[in-house]
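Text of run11.cif, listed as mmCIF, C-alpha atoms and all ligand atoms:
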data_protein
loop_
_atom_site.label_atom_id
_atom_site.label_comp_id
_atom_site.auth_asym_id
_atom_site.auth_seq_id
_atom_site.Cartn_x
_atom_site.Cartn_y
_atom_site.Cartn_z
CA MET A 1 123.09 78.65 6.20
CA VAL A 2 119.34 78.82 6.68
CA TYR A 3 117.38 81.69 8.24
CA LEU A 4 114.34 80.89 10.33
CA THR A 5 111.77 83.41 11.54
CA ARG A 6 109.43 82.92 14.44
CA LYS A 7 106.51 85.29 14.83
CA CYS A 8 104.59 86.15 17.99
CA GLU A 9 102.34 88.89 19.28
CA PHE A 10 102.08 90.91 22.42
CA SER A 11 99.97 93.82 23.57
CA ALA A 12 101.30 96.62 25.70
CA SER A 13 100.70 100.25 26.55
CA HIS A 14 103.15 103.14 26.52
CA TYR A 15 103.60 106.87 26.11
CA TYR A 16 106.46 108.94 24.74
CA TYR A 17 107.75 111.65 27.01
CA ASN A 18 111.20 113.09 27.63
CA PRO A 19 111.23 114.64 31.14
CA GLU A 20 114.27 116.73 30.22
CA VAL A 21 112.29 118.97 27.89
CA SER A 22 109.13 121.03 28.43
CA ALA A 23 105.60 119.74 28.05
CA GLU A 24 105.20 121.90 24.92
CA GLU A 25 108.35 120.45 23.39
CA ASN A 26 107.13 116.91 24.16
CA GLN A 27 103.86 117.75 22.49
CA ARG A 28 105.68 119.07 19.43
CA ILE A 29 107.98 116.04 19.09
CA PHE A 30 105.66 113.22 20.06
CA GLY A 31 102.17 114.60 19.34
CA LYS A 32 99.38 112.32 20.58
CA CYS A 33 101.96 109.82 21.85
CA ALA A 34 102.94 112.29 24.60
CA ASN A 35 99.61 111.85 26.43
CA LEU A 36 100.76 110.71 29.88
CA ASN A 37 97.81 108.41 30.35
CA GLY A 38 99.32 106.28 27.62
CA HIS A 39 97.81 104.23 24.84
CA GLY A 40 98.35 100.70 23.58
CA HIS A 41 99.32 98.62 20.59
CA ASN A 42 99.14 95.04 19.42
CA TYR A 43 102.75 94.43 18.57
CA THR A 44 103.98 91.71 16.26
CA LEU A 45 107.47 90.44 16.90
CA GLU A 46 109.48 88.51 14.32
CA VAL A 47 112.72 86.96 15.50
CA THR A 48 115.05 85.65 12.79
CA VAL A 49 117.82 83.23 13.67
CA LYS A 50 120.37 81.65 11.38
CA GLY A 51 122.48 78.55 11.36
CA ASP A 52 123.47 75.43 9.52
CA VAL A 53 120.96 72.62 9.22
CA ASP A 54 121.73 69.80 11.61
CA PRO A 55 122.16 66.74 9.37
CA LYS A 56 120.46 64.46 11.88
CA THR A 57 117.40 66.50 12.87
CA GLY A 58 117.09 68.62 9.71
CA PHE A 59 116.58 71.66 11.96
CA VAL A 60 118.42 74.96 12.22
CA VAL A 61 116.93 75.31 15.66
CA ASP A 62 114.53 73.39 17.85
CA LEU A 63 111.44 75.57 17.47
CA LYS A 64 110.06 74.41 20.78
CA ALA A 65 113.19 75.59 22.57
CA LEU A 66 113.10 78.88 20.65
CA LYS A 67 109.47 79.41 21.57
CA GLU A 68 110.21 78.80 25.25
CA ILE A 69 113.06 81.29 25.22
CA LEU A 70 110.87 83.90 23.51
CA ASN A 71 108.12 83.36 26.06
CA ARG A 72 110.44 83.50 29.04
CA GLU A 73 112.77 86.31 27.97
CA VAL A 74 110.40 88.57 26.04
CA LEU A 75 106.69 87.89 26.22
CA ASP A 76 106.39 87.22 29.94
CA GLY A 77 107.90 90.63 30.63
CA LEU A 78 106.19 92.67 27.91
CA ASP A 79 102.78 91.20 27.16
CA HIS A 80 99.92 93.10 28.80
CA ARG A 81 102.30 95.48 30.53
CA HIS A 82 102.72 99.22 30.63
CA LEU A 83 106.15 99.58 29.06
CA ASN A 84 107.04 102.88 30.80
CA LYS A 85 106.02 101.70 34.25
CA GLU A 86 106.73 97.98 34.44
CA VAL A 87 109.54 97.17 32.06
CA PRO A 88 113.00 97.94 33.48
CA GLU A 89 114.54 99.05 30.15
CA PHE A 90 111.99 101.83 29.82
CA LEU A 91 112.05 103.34 33.26
CA ARG A 92 114.65 105.75 31.86
CA GLN A 93 114.30 105.32 28.14
CA ILE A 94 111.45 106.17 25.81
CA PRO A 95 109.66 102.97 24.67
CA THR A 96 109.68 103.75 20.97
CA THR A 97 109.59 100.89 18.49
CA GLU A 98 113.31 101.53 17.86
CA ASN A 99 114.19 101.11 21.54
CA LEU A 100 111.83 98.17 21.88
CA ALA A 101 113.60 96.29 19.06
CA ILE A 102 116.98 96.95 20.71
CA ALA A 103 115.69 95.88 24.15
CA ILE A 104 114.26 92.64 22.74
CA TRP A 105 117.56 91.94 20.94
CA ASN A 106 119.46 92.46 24.21
CA ARG A 107 117.09 90.18 26.09
CA LEU A 108 117.59 87.40 23.55
CA GLN A 109 121.29 87.80 22.82
CA GLY A 110 123.22 85.45 25.04
CA LYS A 111 120.11 83.53 26.06
CA LEU A 112 119.64 82.16 22.59
CA HIS A 113 122.12 79.30 22.89
CA VAL A 114 120.14 77.34 20.31
CA ALA A 115 121.03 79.46 17.24
CA LYS A 116 122.56 82.76 16.18
CA LEU A 117 120.33 85.79 16.41
CA HIS A 118 120.09 87.59 13.06
CA ARG A 119 117.29 90.14 13.21
CA VAL A 120 114.58 91.41 15.52
CA ARG A 121 111.62 92.99 13.74
CA VAL A 122 108.90 94.74 15.73
CA TYR A 123 105.66 95.89 14.12
CA GLU A 124 103.96 98.60 16.12
CA LEU A 125 101.27 98.88 13.46
CA PRO A 126 100.75 96.96 10.23
CA ASP A 127 102.28 99.97 8.40
CA LEU A 128 105.20 100.65 10.76
CA PHE A 129 108.02 98.35 11.76
CA VAL A 130 111.60 98.48 12.95
CA ASP A 131 114.48 96.07 12.29
CA PHE A 132 117.53 95.69 14.50
CA TYR A 133 120.51 93.57 13.48
CA GLY A 134 122.61 94.18 16.60
CA GLU A 135 124.68 96.87 14.91
CA ALA A 136 126.45 99.53 16.95
CA MET B 137 122.64 101.67 17.87
CA LYS B 138 121.76 101.56 14.21
CA VAL B 139 118.14 100.73 13.53
CA HIS B 140 116.09 100.33 10.35
CA LEU B 141 112.57 101.72 10.25
CA THR B 142 110.00 100.89 7.59
CA ARG B 143 106.79 102.73 6.90
CA ARG B 144 104.10 101.58 4.49
CA TYR B 145 101.97 103.85 2.29
CA LEU B 146 99.26 103.26 -0.30
CA PHE B 147 98.52 104.98 -3.59
CA SER B 148 96.62 104.20 -6.76
CA ALA B 149 97.70 105.02 -10.29
CA SER B 150 97.22 103.92 -13.86
CA HIS B 151 99.79 103.06 -16.47
CA ARG B 152 100.28 101.51 -19.85
CA LEU B 153 103.41 99.58 -20.65
CA HIS B 154 104.43 100.58 -24.12
CA CYS B 155 107.78 101.26 -25.73
CA ASP B 156 107.80 103.57 -28.76
CA GLU B 157 110.92 101.91 -30.13
CA LEU B 158 109.15 98.57 -30.49
CA SER B 159 106.59 97.67 -33.15
CA GLU B 160 102.96 97.10 -32.26
CA SER B 161 103.38 93.33 -32.31
CA GLN B 162 106.63 93.49 -30.35
CA ASN B 163 104.90 95.64 -27.71
CA GLN B 164 102.07 93.11 -27.56
CA ALA B 165 104.53 90.26 -27.22
CA THR B 166 106.55 92.04 -24.52
CA TYR B 167 103.83 93.56 -22.37
CA GLY B 168 100.70 91.48 -23.11
CA LYS B 169 97.58 92.90 -21.44
CA CYS B 170 99.65 95.69 -19.96
CA ASN B 171 99.98 97.10 -23.46
CA ASN B 172 96.22 97.57 -23.96
CA PRO B 173 95.81 101.07 -25.43
CA HIS B 174 93.90 102.77 -22.63
CA GLY B 175 96.00 101.49 -19.74
CA HIS B 176 94.93 100.02 -16.43
CA GLY B 177 95.51 100.76 -12.76
CA HIS B 178 96.92 99.32 -9.56
CA ASN B 179 96.72 99.91 -5.84
CA TYR B 180 100.39 100.23 -5.07
CA ALA B 181 101.82 99.70 -1.60
CA LEU B 182 105.06 101.54 -1.00
CA GLU B 183 107.41 100.63 1.84
CA VAL B 184 110.13 103.12 2.63
CA THR B 185 113.04 101.90 4.80
CA VAL B 186 115.34 104.39 6.48
CA SER B 187 118.14 103.79 8.95
CA GLY B 188 120.11 105.73 11.52
CA GLN B 189 121.28 105.97 15.09
CA VAL B 190 118.59 106.20 17.78
CA ASP B 191 118.53 109.71 19.27
CA PRO B 192 118.65 109.26 23.07
CA GLY B 193 116.40 112.30 23.61
CA THR B 194 113.57 111.06 21.40
CA GLY B 195 114.18 107.31 21.14
CA MET B 196 113.73 107.70 17.39
CA ILE B 197 116.00 107.69 14.35
CA CYS B 198 113.89 110.43 12.78
CA ASN B 199 110.53 111.92 13.45
CA LEU B 200 107.91 109.78 11.76
CA SER B 201 105.81 112.83 10.95
CA ASP B 202 108.75 114.30 8.96
CA LEU B 203 109.04 111.08 6.96
CA ASP B 204 105.28 111.00 6.41
CA ARG B 205 105.31 114.62 5.28
CA SER B 206 108.14 114.04 2.78
CA VAL B 207 106.53 110.95 1.31
CA GLN B 208 103.17 112.70 1.16
CA SER B 209 104.40 115.83 -0.58
CA GLU B 210 107.12 114.32 -2.78
CA VAL B 211 105.70 110.93 -3.72
CA LEU B 212 102.01 110.53 -2.99
CA GLU B 213 101.00 113.94 -4.31
CA ARG B 214 102.91 113.20 -7.51
CA PHE B 215 101.72 109.67 -8.14
CA ASP B 216 98.44 109.06 -6.31
CA HIS B 217 95.43 109.01 -8.67
CA VAL B 218 97.37 109.94 -11.76
CA ASN B 219 98.23 108.33 -15.04
CA LEU B 220 101.92 107.54 -14.68
CA ASN B 221 102.50 107.73 -18.46
CA ALA B 222 101.44 111.37 -18.39
CA ARG B 223 103.99 112.30 -15.70
CA GLN B 224 107.20 113.99 -16.78
CA GLU B 225 109.19 111.38 -14.74
CA PHE B 226 108.15 108.86 -17.39
CA ALA B 227 108.55 111.07 -20.46
CA ALA B 228 111.44 108.90 -21.62
CA THR B 229 110.92 105.60 -19.80
CA VAL B 230 108.16 103.02 -19.49
CA PRO B 231 106.30 103.27 -16.15
CA THR B 232 107.01 99.73 -15.07
CA THR B 233 107.14 99.16 -11.35
CA GLU B 234 110.90 98.58 -11.71
CA ASN B 235 111.30 102.10 -13.07
CA LEU B 236 108.81 103.53 -10.58
CA SER B 237 110.83 102.02 -7.70
CA GLU B 238 113.98 103.72 -8.94
CA VAL B 239 112.20 107.04 -9.49
CA ILE B 240 110.70 107.01 -5.99
CA PHE B 241 114.02 106.04 -4.41
CA ASN B 242 115.79 108.88 -6.19
CA ILE B 243 113.12 111.44 -5.28
CA LEU B 244 113.28 110.48 -1.60
CA LYS B 245 117.07 110.37 -1.61
CA GLN B 246 116.97 114.05 -2.62
CA SER B 247 114.12 115.24 -0.44
CA PHE B 248 114.37 113.26 2.79
CA THR B 249 117.64 113.78 4.60
CA ALA B 250 116.69 113.28 8.26
CA ALA B 251 117.79 109.63 8.10
CA HIS B 252 119.61 107.39 5.62
CA LEU B 253 117.35 106.01 2.89
CA GLU B 254 118.01 102.27 2.69
CA LYS B 255 115.50 101.10 0.15
CA VAL B 256 112.02 101.30 -1.26
CA ARG B 257 109.79 98.33 -1.81
CA LEU B 258 106.84 98.59 -4.11
CA GLU B 259 103.99 96.09 -4.33
CA GLU B 260 102.21 96.37 -7.65
CA THR B 261 99.74 93.59 -6.87
CA MET B 262 99.57 90.96 -4.16
CA MET B 263 101.69 88.79 -6.43
CA ASN B 264 104.45 91.17 -7.50
CA SER B 265 106.81 93.33 -5.53
CA PHE B 266 109.98 95.22 -6.38
CA GLU B 267 112.79 96.52 -4.24
CA TYR B 268 115.47 99.09 -5.00
CA ALA B 269 118.27 100.04 -2.65
CA GLY B 270 120.03 102.58 -4.85
CA GLY B 271 121.94 99.80 -6.57
CA ALA B 272 123.11 98.14 -3.35
CA GLU B 273 122.47 94.49 -2.55
CA LEU B 274 119.41 93.82 -0.43
CA ARG B 275 119.74 92.87 3.19
CA VAL B 276 117.93 89.78 4.48
ZN ZN C 1 102.23 104.23 20.55
#
Please express what this file holds, its structure, as C-alpha cells.
Amino acid sequence: MVYLTRKCEFSASHYYYNPEVSAEENQRIFGKCANLNGHGHNYTLEVTVKGDVDPKTGFVVDLKALKEILNREVLDGLDHRHLNKEVPEFLRQIPTTENLAIAIWNRLQGKLHVAKLHRVRVYELPDLFVDFYGEA
Amino acid sequence: MKVHLTRRYLFSASHRLHCDELSESQNQATYGKCNNPHGHGHNYALEVTVSGQVDPGTGMICNLSDLDRSVQSEVLERFDHVNLNARQEFAATVPTTENLSEVIFNILKQSFTAAHLEKVRLEETMMNSFEYAGGAELRV
C-alpha cells in the first residue's frame, strides 16, 4: 500500500456566525471572524489517497485523473467564492476549517473512483490545519 | 464527525545535553557539540494536534482561543526564552527534544481538556522533528 498526496490551493472568503445566538454571543465565540462583511484566506488543500501500485503503470493513481477530479469537484466550486453565500454546504453551516475539511471529503468520496480516499487536510493558515479521515 | 485540528507555535530556548551519570568523555561521545559547557539554543516549532466531534453550533471541535490560551500559559510561558536545563521539569532528565516532547504532551494533557489531545510534534531544527502521542502509534 502506498499513500499519495496531492496539494492544491484556493482562495475564498467567509465569516463565522450562528444566527441562533445573539450578536454578542457570536462576538464572544468567534471574535473577529464574526464580522458579517467577511474576510478571506489562501487555503492549501492536501488530499491523500492510498492504494496498491499497479504493476504495469507503477502508479497508485493516475495523477492527471486525480487533478481533474479535484478541479471539478472541489476547486471549481470553492476557489474565489464566498463560502457562506455561494457554496451550498455552508448556506446553513458555519464554514470553519473543520466543516470545510468534511465538505471536501464528502465532495470527493464516491467521485474518486481512481483510488481510496485516506485523508483531507485543509490549511487555513500556515499555522492552522485540520485533518479529516472520514470518521463518524 | 471526528476531526483533527493542528495548531503551530514557536518558542526559543537553550539547552545543554549532559548526563551526570556519564563521564566527561562519555558525554562528549554521546552528545558531541550539544555537550559544550555553556549550552546552545534553538527556535523550536511546536505543533499541537487535538481531536473531537464538530459542535454544530460553532462548527468547531474547540475554541481556538482556548487552545491558544492553554498553550501560551502552560507551555510557552514556561519554555520560551529560558534555559531548559534550569527548569524543574528537567531536574532529573536531559532536556533532549524527545524528553521535551513528552513533557509538553503531559502538561497539555493535564491542562487542556476542551478536546482530546492526540499528539505533539516538535521541530528542533529544520532537519529534526519529534512526535509523541502519549505512547500511541502515530497516524499517517
Ligand atoms: Zn477566517
Between CA of Val120 (chain A) and CA of Ile104 (chain A), distance in Å (one decimal):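 Those two atoms sit 7.3 Å apart.
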Name all residues at most 8 Å from region 138-152 of chain B (count only C-alpha atoms; drop same-chain ones fewer than 6 positions away) and give them as an MDAnalysis selection string. (chainID A and resid 98 127:136) or (chainID B and resid 170:190 197 212 215:221 231)
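Atom pair CA of Ala251 (chain B) / CA of Asn42 (chain A): separated by 26.2 Å.
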If you take all atoms listed in the file and a cut-off of 9 Å, which residues of chain A touch ligand ZN 1 (chain C), and what are their nearest atom pairs and distances in Å to one decimal, in chain and number order, as JSON lines?
{"residue": "A:Ser13", "atom": "CA", "partner": "C:ZN1", "partner_atom": "ZN", "distance": 7.4}
{"residue": "A:His14", "atom": "CA", "partner": "C:ZN1", "partner_atom": "ZN", "distance": 6.1}
{"residue": "A:Tyr15", "atom": "CA", "partner": "C:ZN1", "partner_atom": "ZN", "distance": 6.3}
{"residue": "A:Tyr16", "atom": "CA", "partner": "C:ZN1", "partner_atom": "ZN", "distance": 7.6}
{"residue": "A:Lys32", "atom": "CA", "partner": "C:ZN1", "partner_atom": "ZN", "distance": 8.6}
{"residue": "A:Cys33", "atom": "CA", "partner": "C:ZN1", "partner_atom": "ZN", "distance": 5.7}
{"residue": "A:Gly38", "atom": "CA", "partner": "C:ZN1", "partner_atom": "ZN", "distance": 7.9}
{"residue": "A:His39", "atom": "CA", "partner": "C:ZN1", "partner_atom": "ZN", "distance": 6.2}
{"residue": "A:Gly40", "atom": "CA", "partner": "C:ZN1", "partner_atom": "ZN", "distance": 6.1}
{"residue": "A:His41", "atom": "CA", "partner": "C:ZN1", "partner_atom": "ZN", "distance": 6.3}
{"residue": "A:Pro95", "atom": "CA", "partner": "C:ZN1", "partner_atom": "ZN", "distance": 8.6}
{"residue": "A:Thr96", "atom": "CA", "partner": "C:ZN1", "partner_atom": "ZN", "distance": 7.5}
{"residue": "A:Thr97", "atom": "CA", "partner": "C:ZN1", "partner_atom": "ZN", "distance": 8.3}
{"residue": "A:Glu124", "atom": "CA", "partner": "C:ZN1", "partner_atom": "ZN", "distance": 7.4}
{"residue": "A:Leu125", "atom": "CA", "partner": "C:ZN1", "partner_atom": "ZN", "distance": 8.9}
Go ahead and save the residues from that selection, with C-alpha atoms, as a PDB file, keeping the file's coordinate frame.
ATOM      1  CA  SER A  13     100.700 100.250  26.550  1.00  0.00           C
ATOM      2  CA  HIS A  14     103.150 103.140  26.520  1.00  0.00           C
ATOM      3  CA  TYR A  15     103.600 106.870  26.110  1.00  0.00           C
ATOM      4  CA  TYR A  16     106.460 108.940  24.740  1.00  0.00           C
ATOM      5  CA  LYS A  32      99.380 112.320  20.580  1.00  0.00           C
ATOM      6  CA  CYS A  33     101.960 109.820  21.850  1.00  0.00           C
ATOM      7  CA  GLY A  38      99.320 106.280  27.620  1.00  0.00           C
ATOM      8  CA  HIS A  39      97.810 104.230  24.840  1.00  0.00           C
ATOM      9  CA  GLY A  40      98.350 100.700  23.580  1.00  0.00           C
ATOM     10  CA  HIS A  41      99.320  98.620  20.590  1.00  0.00           C
ATOM     11  CA  PRO A  95     109.660 102.970  24.670  1.00  0.00           C
ATOM     12  CA  THR A  96     109.680 103.750  20.970  1.00  0.00           C
ATOM     13  CA  THR A  97     109.590 100.890  18.490  1.00  0.00           C
ATOM     14  CA  GLU A 124     103.960  98.600  16.120  1.00  0.00           C
ATOM     15  CA  LEU A 125     101.270  98.880  13.460  1.00  0.00           C
TER      16      LEU A 125
END
Please identify all polymer residues within 12 Å of region 55-59 of chain A, counting all atoms listed in the file, omitting same-chain residues fewer than 2 positions from it, and present them as a PyMOL selection string. chain A and resi 1-4+49-53+61-66+114-115
Serialized selection, C-alpha atoms, as a tab-separated table (two decimals), in the frame of the given file:
chain	number	residue	atom	x	y	z
A	1	MET	CA	123.09	78.65	6.20
A	2	VAL	CA	119.34	78.82	6.68
A	3	TYR	CA	117.38	81.69	8.24
A	4	LEU	CA	114.34	80.89	10.33
A	49	VAL	CA	117.82	83.23	13.67
A	50	LYS	CA	120.37	81.65	11.38
A	51	GLY	CA	122.48	78.55	11.36
A	52	ASP	CA	123.47	75.43	9.52
A	53	VAL	CA	120.96	72.62	9.22
A	61	VAL	CA	116.93	75.31	15.66
A	62	ASP	CA	114.53	73.39	17.85
A	63	LEU	CA	111.44	75.57	17.47
A	64	LYS	CA	110.06	74.41	20.78
A	65	ALA	CA	113.19	75.59	22.57
A	66	LEU	CA	113.10	78.88	20.65
A	114	VAL	CA	120.14	77.34	20.31
A	115	ALA	CA	121.03	79.46	17.24
Quick check, in Å to one decimal: how far apart do CA of Lys85 (chain A) and CA of Tyr17 (chain A) lie?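 About the pair CA of Lys85 (chain A) and CA of Tyr17 (chain A): they are 12.4 Å apart.
Nearest to Ile102 (chain A) of all the residues A:Tyr43, A:Val122, A:Pro88, A:Lys67 is A:Val122, counting only C-alpha atoms.
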Neighbourhood query: residues within 12 Å of (120.6, 98.9, -7.4), file coordinates, counting only C-alpha atoms; return as a PyMOL selection string. chain B and resi 234-235+237-239+241-242+254-256+266-274
Have a look at B:Asn264, B:Thr229, B:Thr194, B:Ser209 and name the one nearest to Leu244 (chain B); count all atoms listed in the file.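 Looking at the shortest contact to Leu244 (chain B), the residue is B:Ser209.
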With all atoms listed in the file as the atoms that count, which of A:His82, A:Cys8, A:Ala23, A:Phe30 lies nearest to chain B?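 Selected residue with least distance to chain B: A:Phe30.
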From B:Glu210, B:Asp191, B:Glu259, B:Asp156, residue lying nearest chain A [all atoms listed in the file]: B:Asp191
Using only C-alpha atoms: which of A:Ser22, A:Gln93, A:Thr5, A:Asn35 has the shortest distance to chain B: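 Distance minimum relative to chain B lands on A:Gln93.
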Have a look at A:Gln27, A:Ser11, A:Asn37, A:Asn18 and name the one nearest to chain B; count all atoms listed in the file.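 The answer is A:Asn18, which sits nearest to chain B.
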